[in-house]
Number of protein chains: 4
Amino acid sequence: MTKVIETTFHVRYAETDASGVVYHANYLVWFEHGRGEWFWQQERDYHRDVEARGLNWPVVEVSARYLAPARYGELVTVRTWFKEMQSRAFTIGYEIVNAETKQVLCTGWTKHLNVNNEGRVVAIPDDLRAMMAE
Amino acid sequence: MTKVIETTFHVRYAETDASGVVYHANYLVWFEHGRGEWFWQQERDYHRDVEARGLNWPVVEVSARYLAPARYGELVTVRTWFKEMQSRAFTIGYEIVNAETKQVLCTGWTKHLNVNNEGRVVAIPDDLRAMMAE
Amino acid sequence: MTKVIETTFHVRYAETDASGVVYHANYLVWFEHGRGEWFWQQERDYHRDVEARGLNWPVVEVSARYLAPARYGELVTVRTWFKEMQSRAFTIGYEIVNAETKQVLCTGWTKHLNVNNEGRVVAIPDDLRAMMAE
Amino acid sequence: MTKVIETTFHVRYAETDASGVVYHANYLVWFEHGRGEWFWQQERDYHRDVEARGLNWPVVEVSARYLAPARYGELVTVRTWFKEMQSRAFTIGYEIVNAETKQVLCTGWTKHLNVNNEGRVVAIPDDLRAMMAE
């Protein structure tokens, strides 16, 4: 397992639903936020360092388990790490916890392909691969 | 006032919030859905007929009044019409009602500019203008 | 496999992202829309028939595979069915296709528990179980 | 004008749309985030200090002007202040800027009523009024 990047933020009202807790699909948005932070906290940016050089990392598979609910205003922490590397694909792992109680709310992973602008799945460039393996 | 296009759909759980009713920002998404239907019900499409010819209609101003709440599963009707035309801008009006009780839930409008791919505000082409004025 | 309920709608602009296609988390919202239609098309409603009698069906696990992208304005069809039943839990299956080309865009499932208002996982009432098994 | 609370965060991919920039309705979510921060930065919380004592502050009117786009990964700052007070209603003002260039992206306001659990519009309690006027 590579290093784990953490980011903490408040739950928005927009993210809750009529059952009083965070709507399940929004945890996938928080996974994406975690991926973004993985770049940002290392002075990188997905758009600049991946998209702008003609690559895309579309999500081709997602899995999430919901263990406990989150409510409006609560602080949640997203932990993000590179979980598995292949030559042209990789899997990112996530754990979302209540930042105060440390209770685990959700765990999951997303699988991504490394796709070029012609839509072909290609080998991940060495520098990006090295970055992920740190 | 031009003709009014109507579209009716069920409220999604994703659109509600912890207060038990539809989150206010989602009415703007429904306004956009109404604009889309305005095209679709006339065998047109915003992407094909506007974007694909090098134009964009960004929202530059929005106003909405919330009169009554909508709840999960309710049928809502969005009414959409062209409200005001200028040479390079236009305003679209909306009314959202409960499809069963006919109670008005929300009224509003969006102002759009006609922008080309260089980001310049340009005159609306005559055929699009005619379409809007129908 | 039980009967399959289908619902078809246009992709909203709000559902797309900067890569030009539908944002992956929104397929989970479409899964939920499919579950809602499962009720609505049978003159039932999740709120009235489940929540209002003191039960909740939270999503405890989700899995989705993304096979092809959807774009603004396209018509997509969500197919929903009850995939597996246990005494206090069940799994719903989904397939999302482009309504015109019939290309499969996404497949997935959600697992739900039958929870009462005290937060306890309890047996699914017989009438609801019969409804699911139809 | 009362004090201005600022909060800064990165644009999520989920918040962008197929035109490549942030979808206009998401600025209303950022307004809400700004309102939340107004509480959080003062050791308060909307749920605990308003909802839990039997009050709600629904949005009854919103207005927004969009001046420049925001893109994925950019840092944006939301500035929030109490703009106008009435005995049973109030208006909150917002300004959203690019945190690096300081360019103003969006300005707007939301009008709220002070509603009790029976749905009646009632006078804002003195302590909440004092808090807003700080």
# chains A, B, ... in the order shown; residues from 1 in each chain; ligands from 1

call {"tool": "select_by_dssp", "arguments": {"residues": "segment 36-122 of chain B", "states": "strand (DSSP E or B)", "output": "PyMOL selection string"}}
result
chain B and resi 55-56+59-66+75-85+89-98+104-113+115-116+121

call {"tool": "calpha_fit_and_write", "arguments": {"fixed": "chain B", "moving": "chain D", "output": "short mmCIF file (atom, residue, chain, number, x, y, z; two decimals) with C-alpha atoms, in the first residue's frame"}}
result
data_model
loop_
_atom_site.label_atom_id
_atom_site.label_comp_id
_atom_site.auth_asym_id
_atom_site.auth_seq_id
_atom_site.Cartn_x
_atom_site.Cartn_y
_atom_site.Cartn_z
CA MET D 1 -45.12 35.21 -24.58
CA THR D 2 -44.20 32.29 -26.76
CA LYS D 3 -45.61 28.79 -26.52
CA VAL D 4 -45.15 26.94 -23.25
CA ILE D 5 -43.50 23.52 -23.20
CA GLU D 6 -44.41 21.19 -20.35
CA THR D 7 -42.61 18.16 -18.96
CA THR D 8 -43.60 16.03 -15.98
CA PHE D 9 -41.45 13.68 -13.88
CA HIS D 10 -41.16 12.14 -10.43
CA VAL D 11 -39.01 13.70 -7.70
CA ARG D 12 -35.89 11.59 -7.10
CA TYR D 13 -34.65 10.77 -3.60
CA ALA D 14 -31.30 12.28 -4.62
CA GLU D 15 -33.07 15.62 -5.08
CA THR D 16 -34.36 15.83 -1.51
CA ASP D 17 -32.43 17.00 1.54
CA ALA D 18 -32.47 16.44 5.30
CA SER D 19 -35.36 18.87 5.77
CA GLY D 20 -37.50 16.27 3.96
CA VAL D 21 -38.17 18.28 0.82
CA VAL D 22 -36.43 19.05 -2.48
CA TYR D 23 -33.17 20.97 -2.05
CA HIS D 24 -33.59 24.46 -3.49
CA ALA D 25 -30.68 24.31 -5.96
CA ASN D 26 -32.29 21.34 -7.71
CA TYR D 27 -35.06 23.56 -9.03
CA LEU D 28 -32.38 25.15 -11.23
CA VAL D 29 -31.59 21.67 -12.58
CA TRP D 30 -35.31 21.30 -13.31
CA PHE D 31 -35.26 24.67 -15.11
CA GLU D 32 -32.44 23.23 -17.25
CA HIS D 33 -34.48 20.07 -17.82
CA GLY D 34 -37.32 22.34 -18.96
CA ARG D 35 -35.01 24.10 -21.44
CA GLY D 36 -33.89 20.71 -22.74
CA GLU D 37 -37.50 19.60 -23.23
CA TRP D 38 -38.21 22.80 -25.12
CA PHE D 39 -35.76 21.48 -27.73
CA TRP D 40 -36.57 17.78 -27.48
CA GLN D 41 -40.32 18.17 -27.87
CA GLN D 42 -39.69 20.02 -31.13
CA GLU D 43 -37.30 17.41 -32.55
CA ARG D 44 -34.36 19.63 -31.69
CA ASP D 45 -31.45 19.31 -29.30
CA TYR D 46 -29.39 21.98 -27.58
CA HIS D 47 -26.14 20.16 -28.24
CA ARG D 48 -26.81 19.47 -31.91
CA ASP D 49 -28.53 22.74 -32.80
CA VAL D 50 -26.54 25.20 -30.69
CA GLU D 51 -23.25 23.76 -29.39
CA ALA D 52 -22.40 21.78 -32.53
CA ARG D 53 -22.58 24.94 -34.62
CA GLY D 54 -20.11 26.72 -32.36
CA LEU D 55 -22.43 28.57 -30.01
CA ASN D 56 -23.11 28.41 -26.26
CA TRP D 57 -25.89 29.78 -24.15
CA PRO D 58 -24.35 30.16 -20.69
CA VAL D 59 -26.59 31.21 -17.83
CA VAL D 60 -25.50 34.70 -16.79
CA GLU D 61 -28.25 35.40 -14.29
CA VAL D 62 -30.85 33.36 -12.45
CA SER D 63 -33.76 34.24 -10.20
CA ALA D 64 -36.08 31.84 -8.38
CA ARG D 65 -38.90 32.17 -5.86
CA TYR D 66 -39.85 29.15 -3.78
CA LEU D 67 -43.54 29.04 -2.89
CA ALA D 68 -44.18 25.49 -1.65
CA PRO D 69 -42.07 22.38 -1.15
CA ALA D 70 -41.92 19.20 -3.26
CA ARG D 71 -41.41 15.77 -1.73
CA TYR D 72 -39.96 12.45 -2.87
CA GLY D 73 -42.05 10.61 -5.43
CA GLU D 74 -44.34 13.53 -6.22
CA LEU D 75 -45.00 14.32 -9.85
CA VAL D 76 -43.87 17.80 -10.79
CA THR D 77 -44.47 19.67 -14.04
CA VAL D 78 -41.99 22.20 -15.41
CA ARG D 79 -43.40 24.85 -17.75
CA THR D 80 -40.84 26.64 -19.92
CA TRP D 81 -41.16 29.57 -22.34
CA PHE D 82 -39.09 32.27 -24.02
CA LYS D 83 -39.83 35.38 -22.04
CA GLU D 84 -37.74 38.10 -23.60
CA MET D 85 -35.49 38.42 -26.65
CA GLN D 86 -32.61 40.77 -27.31
CA SER D 87 -30.24 40.64 -30.28
CA ARG D 88 -27.51 38.76 -28.38
CA ALA D 89 -29.26 37.64 -25.19
CA PHE D 90 -32.58 36.18 -24.07
CA THR D 91 -34.51 35.27 -20.97
CA ILE D 92 -36.37 32.02 -20.36
CA GLY D 93 -39.24 31.79 -17.86
CA TYR D 94 -40.21 28.79 -15.73
CA GLU D 95 -43.04 27.68 -13.52
CA ILE D 96 -42.89 24.43 -11.58
CA VAL D 97 -46.15 23.00 -10.25
CA ASN D 98 -47.25 19.88 -8.43
CA ALA D 99 -48.70 17.86 -11.30
CA GLU D 100 -51.62 16.55 -9.23
CA THR D 101 -52.68 19.48 -7.05
CA LYS D 102 -51.54 22.14 -9.57
CA GLN D 103 -50.05 24.09 -6.67
CA VAL D 104 -47.26 26.38 -7.85
CA LEU D 105 -43.99 25.33 -6.19
CA CYS D 106 -41.45 27.63 -7.82
CA THR D 107 -41.22 30.39 -10.42
CA GLY D 108 -38.09 31.83 -11.97
CA TRP D 109 -36.11 32.84 -14.99
CA THR D 110 -32.64 32.46 -16.44
CA LYS D 111 -30.85 34.98 -18.63
CA HIS D 112 -28.51 33.62 -21.30
CA LEU D 113 -25.98 35.14 -23.68
CA ASN D 114 -25.31 33.85 -27.18
CA VAL D 115 -21.55 33.24 -27.10
CA ASN D 116 -19.33 31.87 -29.86
CA ASN D 117 -16.37 29.52 -29.44
CA GLU D 118 -13.96 32.43 -29.06
CA GLY D 119 -16.00 33.58 -26.06
CA ARG D 120 -17.46 36.58 -27.83
CA VAL D 121 -21.12 37.59 -27.37
CA VAL D 122 -22.59 37.59 -30.86
CA ALA D 123 -25.96 38.06 -32.58
CA ILE D 124 -28.33 35.10 -32.37
CA PRO D 125 -28.65 33.51 -35.86
CA ASP D 126 -31.98 34.23 -37.55
CA ASP D 127 -33.16 30.63 -37.63
CA LEU D 128 -32.59 30.17 -33.88
CA ARG D 129 -34.29 33.50 -33.24
CA ALA D 130 -37.29 32.39 -35.30
CA MET D 131 -37.41 29.11 -33.41
CA MET D 132 -37.50 30.93 -30.07
CA ALA D 133 -40.22 33.30 -31.19
CA GLU D 134 -42.64 30.60 -32.30
#

call {"tool": "select_by_dssp", "arguments": {"residues": "segment 2-131 of chain C", "states": "helix (DSSP H, G or I)", "output": "JSON, numbers by chain"}}
result
{"C": [13, 14, 15, 26, 27, 28, 29, 30, 31, 32, 33, 34, 35, 36, 37, 38, 39, 40, 46, 47, 48, 49, 51, 52, 53, 126, 127, 128, 129, 130, 131]}

call {"tool": "write_last_selection", "arguments": {"atoms": "C-alpha atoms", "output": "short mmCIF file (atom, residue, chain, number, x, y, z; two decimals), in the first residue's frame"}}
result
data_model
loop_
_atom_site.label_atom_id
_atom_site.label_comp_id
_atom_site.auth_asym_id
_atom_site.auth_seq_id
_atom_site.Cartn_x
_atom_site.Cartn_y
_atom_site.Cartn_z
CA TYR C 13 -26.67 18.84 -18.62
CA ALA C 14 -26.30 18.82 -14.82
CA GLU C 15 -25.43 15.12 -15.02
CA ASN C 26 -24.90 9.94 -11.43
CA TYR C 27 -25.47 6.37 -12.59
CA LEU C 28 -26.20 5.57 -8.93
CA VAL C 29 -28.86 8.28 -9.01
CA TRP C 30 -30.27 6.58 -12.12
CA PHE C 31 -30.24 3.25 -10.26
CA GLU C 32 -32.34 4.97 -7.58
CA HIS C 33 -34.62 6.39 -10.26
CA GLY C 34 -35.01 2.81 -11.52
CA ARG C 35 -35.97 1.62 -8.03
CA GLY C 36 -38.50 4.43 -7.80
CA GLU C 37 -40.03 3.46 -11.16
CA TRP C 38 -40.28 -0.12 -9.99
CA PHE C 39 -42.77 1.19 -7.42
CA TRP C 40 -44.43 3.90 -9.51
CA TYR C 46 -41.39 3.81 -1.75
CA HIS C 47 -42.30 6.59 0.66
CA ARG C 48 -45.92 5.55 1.12
CA ASP C 49 -45.44 1.77 1.08
CA GLU C 51 -41.14 4.62 4.84
CA ALA C 52 -44.66 5.54 5.97
CA ARG C 53 -45.03 2.16 7.67
CA ASP C 126 -44.74 -10.81 3.77
CA ASP C 127 -46.70 -8.48 1.49
CA LEU C 128 -43.57 -6.53 0.54
CA ARG C 129 -41.72 -9.79 0.00
CA ALA C 130 -44.49 -11.05 -2.27
CA MET C 131 -44.40 -7.76 -4.20
#
